[in-house]
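Report on the following structure.
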Amino acid sequence: MRRILLAALVLGLSACATQAPKQAGGPVDTTPLSLIPMPAQLTRTPGHFRIDAKTPIVVAPGDTAAKRVAGQLQGWIRLARGFAPPIVEGKPGGGISLVTQSTVKGHEAYALDVDAKGVRIAANDETGLFYGAVTYWQLLTDPASQNGVPGVHIVDAPRFAWRGLMLDSSRHFQSVHDIEHLIDQMAMHKLNTFHWHLTDDQGWRLKIDKYPKLTEVGSCRKAVGSDTAGGDSYCGFYTKDDAKQIVAYAAERHITVVPEIEMPGHAQAAVAAYPQYGTGKPKKVSSDWGVNTALFNTDDATFVFLQDVLDEVMEIFPSSYIHVGGDEAAKDEWERSKAVQARMKTLGIDDEEKMQGWFIARIGDYLDKHGRRLIGWDEILDGKVPASATVMSWRGTEGAIKAANAGHDVVLAPSPVLYLDRVQSSLPDEPPGRPSDETLKTLYDFDPMVPGIGADKAEHVLGAEATLFTEHMHDWYRIQHATFPRMAAFAERTWSSRADWNGFLARLPVQMARYRSAGIIPADSAFAVAISVAPAGKDGARVTLSSQTGYGTVRYTTDGTTPTPQSEAYTAPFDVSLPTTVKANTFEGGFGLAGVREEAIDAKSLLHRTSVQLDTCTDDLPLRIEAPEMVDGVRPIYKADIMNTCWIWKSVPLDGRYGATISVDRLPYNYALWKAAKNVVSRKSRSRAGEIEIHQDTCDGPKLSTIDLSKAKDGRATLQGVLPKREGTHDLCFVITGKPGPKMWVIADIQLR
Ligand code: ACM
């Protein structure tokens with residue numbers, strides 16, 4: 001947490017202040033408070049308490065737990081206010097008291113009272129004190145506290161015990177420092193489980209002393225797009241000290257680190273390092289996203305290997321849960337392997353899914369003997385796993401319903417709603433990721449207590465987890481964008497018993513300021529203005545403005561100036577003459593809530609589309625893909641369905657159009673599609689390079705133009721096509737002939753002439 005820009009916040013939200021009603025003990029300040037997650041019970045009480053450099057943080061003599069929390073709170077106050085209140089041992093009262101008290105019931109629960117005399121945070125354990133301190137820090141960094149923190153009586157406890165975030169460090173690797181930054185934020189959102197996805201087809205990221213090749217070989221893959229033999233590598237792993245540092249850092253913040261070691265699938269990096277534990281041909285660490293088919297084999301020696309690995313994992317990670325993956329284990333290799341088939345026969349197991357059940361159960365027994373519990377993705381249910389196994393439901397919520405009703409503990413991590421690699425908006429500047437849009441609201445609306453779980457089984461729902469699979473997130477900026485402010489929505493739904501979307505939205509601007517003070521750039525998709533433009537009349541355009549949440553007031557300019565709180569408020573679509581630049585933002589309480597979005601509109605722009613503004617013809621596997629090569633200093637982002645390179649431009653006025661200038665790019669086709677590979681659309685091409693065909697109305701409609709891709713010479717290029725005379729408004733379909741792989745042509749943008 002960096003210093004909060006309190007002055008700005010105070011100005012920004014003073015408009016929310018309402019008249020204070022009189023109450024016994026003085027007036028109660030009812031200025032709205034921006035607490036996230038919302039506490040279970042909150043009552044406003046009279047008085048305010050203002051701290052200064054002399055205000056003590058008081059702990060009982062010898063209460064080491066309270067003293068640790070006092071040190072943490074002191075650090076947060078220093079960052080927010082620039083001074084560090086002294087920590088003193090003594091009788092509670094007169095400052096900020098942290099009190100261990102058995103009458104506050106429940107692990108993680110706390111009570112927080114603020115009045116004119118001071119602050120009292122009480123809990124029966126250190127975690128409760130910590131969360132009470134987090135809530136107090138939120139009050140302190142709330143502009144509603146400009147005259148001191150207003151009086152409150154809060155009694156709070158979480159709804160769910162498992163409030164998790166999963167980070168995939170295999171597809172892309174993060175520094176220890178960035179992970180600690182993420183953990184800081186988890187703590188300030190009262191999340192308590194950091195699920196660390198450490199191994200996968202694309203990289204084994206944890207040093208294991210007994211098997212050094214796991215990281216010597218398994219932590220390096222060919223960088224995506226580096227297709228030459230001596231091309232760049234992408235490498236990284238965590239030493240044991242790194243991992244222990246993260247475990248300790250998280251523990252100080254009351255977060256358990258649950259490591260994930262994937263088996264029997266997603267094992268390609270491991271079997272690239274130790275082929276004897278795999279089946280089939282030797283393999284390289286994969287650079288392909290998707291379902292790679294490398295599996296561990298089922299020999300006893302492989303279990304010895306996995307158990308040795310787990311021994312070292314258990315030595316680093318004290319968590320009672322160990323995640324063993326179990327997802328997407330395509331069984332082709334087991335079906336083909338004589339040894340696996342022989343083993344199945346000996347065991348009397350007649351199908352490979354049941355064999356996976358046996359595999360996972362055997363590992364579960366091993367963990368059990370070591371006092372640990374197995375958790376795995378919901379495929380572990382496809383085989384028979386012991387009731388003690390906990391199921392993490394990711395293929396929607398079905399797995400959770402089935403598992404909980406069968407008596408397993410479950411954690412809800414359903415795709416797509418809790419998958420933070422899903423894009424958040426259709427804004428042109430939305431980073432790469434997987435559609436369709438999972439907005440802040442879709443996430444907020446997800447209730448982990450899903451219908452279908454019997455009331456008597458509800459106790460099996462441990463909680464929920466948001467996942468950060470990082471295929472499309474190669475750096476910390478991308479992770480921040482995917483995570484914040486969605487973490488706030490997720491935290492509220494896993495901690496608070498009540499959902500209140502409108503209340504959450506009203507509390508969000510302060511939370512966004514807290515992020516920025518912590519050096520985080522949150523996604524502004526919830527508030528950003530989408531500018532949509534259509535031709536109007538002979539020389540004009542109709543502009544429609546919208547924001548995802550509709551919160552606040554959209555304001556805009558058409559004179560090139562930056563919108564301010566005094567700019568024209570948007571009420572309905574409006575017409576502009578050409579050329580005009582429209583700039584817009586959403587405002588609340590005198591402040592812009594998002595980055596300004598702008599659109600330069602002229603006769604040419606009306607006839608121009610980038611691929612992200614087009615529709616894909618199909619919705620099989622559409623992605624927003626970042627080009628590995630820069631263009632003018634940035635890596636462009638394209639929208640393409642990797643199963644079908646085909647785009648639609650709806651309602652194009654074709655009168656007077658005689659040509660199309662199309663920019664294309666050539667991207668690596670690094671997708672392991674397994675059985676879906678047969679569904680990739682292939683179109684007859686006239687030349688080896690292929691062509692772009694433009695069809696009228698539908699993709700099977702009259703062909704208007706064919707543009708030879710051989711002129712593009714295997715890279716980004718701008719090509720010209722001729723259009724025949726046509727009248728009226730038509731949809732245009734742009735298809736690329738041939739079949740994608742090992743590279744793929746994509747349309748970057750189209751300018752009609
Ligand atoms: C998963 O997304 N394969 C768990």
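Within each chain, counting starts at residue 1; across the structure tokens, chains are named A, B, ... in the order shown, with ligands numbered 1 upward in that order.
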Counting only C-alpha atoms, which residues of region 294-342 of chain A fall within 6 Å of region 258-270 of chain A, and what is the closest atom pair for each with its distance in Å at one decimal, ordered by chain and rising number, as a Markdown table?
| residue | atom | partner | partner_atom | distance |
| --- | --- | --- | --- | --- |
| A:Ala294 | CA | A:Gln268 | CA | 5.1 |
| A:Leu295 | CA | A:Gly265 | CA | 4.7 |
| A:Phe296 | CA | A:Pro264 | CA | 5.2 |
| A:Ser319 | CA | A:Val258 | CA | 5.9 |
| A:Ile322 | CA | A:Pro259 | CA | 5.8 |
| A:His323 | CA | A:Glu260 | CA | 4.4 |
| A:Val324 | CA | A:Ile261 | CA | 5.0 |
| A:Gly325 | CA | A:Glu262 | CA | 4.3 |
| A:Gly326 | CA | A:Met263 | CA | 5.4 |
| A:Ala329 | CA | A:Gly265 | CA | 4.2 |
Print the selection's residues with N, CA, C and O atoms to a file, as a PDB file, in the first residue's frame.
ATOM      1  N   ALA A 294       0.488 -35.447 -23.231  1.00  0.00           N
ATOM      2  CA  ALA A 294       1.497 -36.224 -22.491  1.00  0.00           C
ATOM      3  C   ALA A 294       0.979 -36.603 -21.104  1.00  0.00           C
ATOM      4  O   ALA A 294       0.478 -35.760 -20.371  1.00  0.00           O
ATOM      5  N   LEU A 295       1.097 -37.872 -20.780  1.00  0.00           N
ATOM      6  CA  LEU A 295       0.644 -38.366 -19.469  1.00  0.00           C
ATOM      7  C   LEU A 295       1.798 -39.050 -18.748  1.00  0.00           C
ATOM      8  O   LEU A 295       2.694 -39.614 -19.390  1.00  0.00           O
ATOM      9  N   PHE A 296       1.749 -39.038 -17.431  1.00  0.00           N
ATOM     10  CA  PHE A 296       2.613 -39.948 -16.682  1.00  0.00           C
ATOM     11  C   PHE A 296       2.124 -41.367 -16.965  1.00  0.00           C
ATOM     12  O   PHE A 296       0.929 -41.583 -17.215  1.00  0.00           O
ATOM     13  N   SER A 319       0.682 -26.533   3.999  1.00  0.00           N
ATOM     14  CA  SER A 319      -0.763 -26.609   3.767  1.00  0.00           C
ATOM     15  C   SER A 319      -1.300 -28.028   3.956  1.00  0.00           C
ATOM     16  O   SER A 319      -0.667 -28.987   3.510  1.00  0.00           O
ATOM     17  N   ILE A 322      -2.979 -30.618  -0.699  1.00  0.00           N
ATOM     18  CA  ILE A 322      -2.054 -30.643  -1.826  1.00  0.00           C
ATOM     19  C   ILE A 322      -2.920 -30.886  -3.060  1.00  0.00           C
ATOM     20  O   ILE A 322      -3.695 -31.852  -3.109  1.00  0.00           O
ATOM     21  N   HIS A 323      -2.783 -29.997  -4.049  1.00  0.00           N
ATOM     22  CA  HIS A 323      -3.583 -30.100  -5.272  1.00  0.00           C
ATOM     23  C   HIS A 323      -2.826 -30.956  -6.284  1.00  0.00           C
ATOM     24  O   HIS A 323      -1.656 -30.701  -6.554  1.00  0.00           O
ATOM     25  N   VAL A 324      -3.499 -31.978  -6.814  1.00  0.00           N
ATOM     26  CA  VAL A 324      -2.804 -32.889  -7.735  1.00  0.00           C
ATOM     27  C   VAL A 324      -3.363 -32.773  -9.158  1.00  0.00           C
ATOM     28  O   VAL A 324      -3.138 -33.656  -9.983  1.00  0.00           O
ATOM     29  N   GLY A 325      -4.047 -31.690  -9.451  1.00  0.00           N
ATOM     30  CA  GLY A 325      -4.522 -31.479 -10.823  1.00  0.00           C
ATOM     31  C   GLY A 325      -5.603 -32.473 -11.184  1.00  0.00           C
ATOM     32  O   GLY A 325      -6.672 -32.482 -10.594  1.00  0.00           O
ATOM     33  N   GLY A 326      -5.312 -33.339 -12.158  1.00  0.00           N
ATOM     34  CA  GLY A 326      -6.277 -34.357 -12.579  1.00  0.00           C
ATOM     35  C   GLY A 326      -7.119 -33.930 -13.759  1.00  0.00           C
ATOM     36  O   GLY A 326      -7.880 -34.738 -14.298  1.00  0.00           O
ATOM     37  N   ALA A 329      -6.813 -34.822 -18.731  1.00  0.00           N
ATOM     38  CA  ALA A 329      -5.838 -35.868 -19.019  1.00  0.00           C
ATOM     39  C   ALA A 329      -6.380 -36.708 -20.183  1.00  0.00           C
ATOM     40  O   ALA A 329      -7.052 -37.722 -19.964  1.00  0.00           O
TER      41      ALA A 329
END
Site check for ligand 1: residues at most 7 Å away, only C-alpha atoms and all ligand atoms, as a CSV table (one decimal) with N, CA, C and O atoms, in the first residue's frame:
chain,number,residue,atom,x,y,z
A,327,ASP,N,-7.0,-32.7,-14.2
A,327,ASP,CA,-7.8,-32.2,-15.3
A,327,ASP,C,-7.3,-32.5,-16.7
A,327,ASP,O,-6.1,-32.7,-16.8
A,328,GLU,N,-8.2,-32.6,-17.6
A,328,GLU,CA,-7.8,-32.6,-19.0
A,328,GLU,C,-6.7,-33.7,-19.4
A,328,GLU,O,-5.9,-33.4,-20.2
A,377,TRP,N,-9.0,-31.2,-9.6
A,377,TRP,CA,-10.0,-30.6,-10.5
A,377,TRP,C,-11.1,-31.7,-10.6
A,377,TRP,O,-10.9,-32.9,-10.4
A,394,TRP,N,-14.4,-27.0,-12.0
A,394,TRP,CA,-14.0,-25.9,-12.9
A,394,TRP,C,-14.8,-26.0,-14.2
A,394,TRP,O,-15.0,-25.1,-14.9
Practice item. Write out as a list in words which residues come within 8 Å of Gly90 (chain A) when counting only C-alpha atoms, dropping same-chain ones fewer than 5 positions away. Key: Val58, Val59, Ala60 and Pro61 of chain A
Can I get the selected residues back with all heavy atoms, as a PDB file, in the first residue's frame?
ATOM      1  N   VAL A  58      -2.410  -0.259  21.104  1.00  0.00           N
ATOM      2  CA  VAL A  58      -2.261  -0.876  22.427  1.00  0.00           C
ATOM      3  C   VAL A  58      -2.516  -2.380  22.355  1.00  0.00           C
ATOM      4  O   VAL A  58      -3.526  -2.809  21.778  1.00  0.00           O
ATOM      5  CB  VAL A  58      -3.267  -0.243  23.426  1.00  0.00           C
ATOM      6  CG1 VAL A  58      -3.036  -0.778  24.835  1.00  0.00           C
ATOM      7  CG2 VAL A  58      -3.161   1.279  23.408  1.00  0.00           C
ATOM      8  N   VAL A  59      -1.605  -3.151  22.926  1.00  0.00           N
ATOM      9  CA  VAL A  59      -1.810  -4.605  23.022  1.00  0.00           C
ATOM     10  C   VAL A  59      -1.562  -5.030  24.469  1.00  0.00           C
ATOM     11  O   VAL A  59      -0.816  -4.361  25.197  1.00  0.00           O
ATOM     12  CB  VAL A  59      -0.856  -5.391  22.073  1.00  0.00           C
ATOM     13  CG1 VAL A  59      -1.118  -5.035  20.628  1.00  0.00           C
ATOM     14  CG2 VAL A  59       0.607  -5.166  22.422  1.00  0.00           C
ATOM     15  N   ALA A  60      -2.188  -6.131  24.870  1.00  0.00           N
ATOM     16  CA  ALA A  60      -1.988  -6.614  26.242  1.00  0.00           C
ATOM     17  C   ALA A  60      -0.553  -7.121  26.382  1.00  0.00           C
ATOM     18  O   ALA A  60      -0.014  -7.717  25.441  1.00  0.00           O
ATOM     19  CB  ALA A  60      -2.979  -7.734  26.550  1.00  0.00           C
ATOM     20  N   PRO A  61       0.054  -6.908  27.553  1.00  0.00           N
ATOM     21  CA  PRO A  61       1.421  -7.401  27.754  1.00  0.00           C
ATOM     22  C   PRO A  61       1.499  -8.897  27.463  1.00  0.00           C
ATOM     23  O   PRO A  61       0.627  -9.650  27.890  1.00  0.00           O
ATOM     24  CB  PRO A  61       1.693  -7.102  29.235  1.00  0.00           C
ATOM     25  CG  PRO A  61       0.721  -6.018  29.599  1.00  0.00           C
ATOM     26  CD  PRO A  61      -0.480  -6.213  28.730  1.00  0.00           C
TER      27      PRO A  61
END
Point to revise | Test item: residues at most 9 Å from Lys604 (chain A), only C-alpha atoms, excluding those fewer than 2 positions along its chain, as number ranges by chain | key: A: 601-602, 606-608, 751-753
Output N, CA, C and O atoms for every residue in that selection, as an mmCIF file, in the first residue's frame.
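That gives us out_14.cif:
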data_model
loop_
_atom_site.group_PDB
_atom_site.id
_atom_site.type_symbol
_atom_site.label_atom_id
_atom_site.label_comp_id
_atom_site.auth_asym_id
_atom_site.auth_seq_id
_atom_site.Cartn_x
_atom_site.Cartn_y
_atom_site.Cartn_z
ATOM 1 N N ILE A 601 -13.644 10.540 -35.637
ATOM 2 C CA ILE A 601 -14.629 10.090 -36.639
ATOM 3 C C ILE A 601 -14.491 10.952 -37.890
ATOM 4 O O ILE A 601 -14.580 12.184 -37.820
ATOM 5 N N ASP A 602 -14.254 10.297 -39.000
ATOM 6 C CA ASP A 602 -14.277 11.015 -40.280
ATOM 7 C C ASP A 602 -14.791 10.038 -41.337
ATOM 8 O O ASP A 602 -15.137 8.884 -41.022
ATOM 9 N N LEU A 606 -15.358 5.766 -40.797
ATOM 10 C CA LEU A 606 -16.651 5.067 -40.892
ATOM 11 C C LEU A 606 -16.541 3.813 -41.752
ATOM 12 O O LEU A 606 -17.373 2.910 -41.661
ATOM 13 N N LEU A 607 -15.506 3.803 -42.584
ATOM 14 C CA LEU A 607 -15.311 2.646 -43.484
ATOM 15 C C LEU A 607 -14.101 1.822 -43.054
ATOM 16 O O LEU A 607 -13.460 1.160 -43.866
ATOM 17 N N HIS A 608 -13.786 1.892 -41.775
ATOM 18 C CA HIS A 608 -12.603 1.191 -41.262
ATOM 19 C C HIS A 608 -12.998 0.322 -40.067
ATOM 20 O O HIS A 608 -13.797 0.731 -39.241
ATOM 21 N N GLN A 751 -9.840 -1.326 -44.442
ATOM 22 C CA GLN A 751 -10.275 0.020 -44.837
ATOM 23 C C GLN A 751 -10.944 -0.102 -46.202
ATOM 24 O O GLN A 751 -10.320 -0.517 -47.177
ATOM 25 N N LEU A 752 -12.228 0.228 -46.232
ATOM 26 C CA LEU A 752 -12.893 0.247 -47.546
ATOM 27 C C LEU A 752 -12.625 1.592 -48.202
ATOM 28 O O LEU A 752 -12.532 2.626 -47.539
ATOM 29 N N ARG A 753 -12.511 1.536 -49.534
ATOM 30 C CA ARG A 753 -12.217 2.781 -50.262
ATOM 31 C C ARG A 753 -13.386 3.117 -51.172
ATOM 32 O O ARG A 753 -14.063 2.217 -51.666
#
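Residue neighbourhood of Lys54 (chain A), excluding near-sequence residues (fewer than 2 positions): A:Asp52, A:Pro56, A:Pro85, A:Pro86, at 7 Å, using only C-alpha atoms.
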Check your understanding: Can you list, as a ChimeraX atom specification, every protein, DNA or RNA residue that comes within 10 Å of Tyr366 (chain A) when you count only C-alpha atoms, leaving out same-chain residues fewer than 5 positions away?
Key -> /A:303,307,310-311,360-361,371-374
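Distance annotation: of A:Thr467, A:Asn147, A:Asn679, A:Gln41, the residue with the minimal separation from His195 (chain A) is A:Thr467; atom set is only C-alpha atoms.
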Interface rows for region 80-158 of chain A against region 178-187 of chain A: nearest pair, Å to one decimal, 10 Å, only C-alpha atoms, as a Markdown table:
| residue | atom | partner | partner_atom | distance |
| --- | --- | --- | --- | --- |
| A:Phe130 | CA | A:Ala187 | CA | 9.1 |
| A:Tyr131 | CA | A:Ala187 | CA | 8.4 |
| A:Val134 | CA | A:Ala187 | CA | 8.1 |
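Rounded to one decimal, CA of Asp641 (chain A) and CA of Val285 (chain A) lie 25.4 Å from each other.
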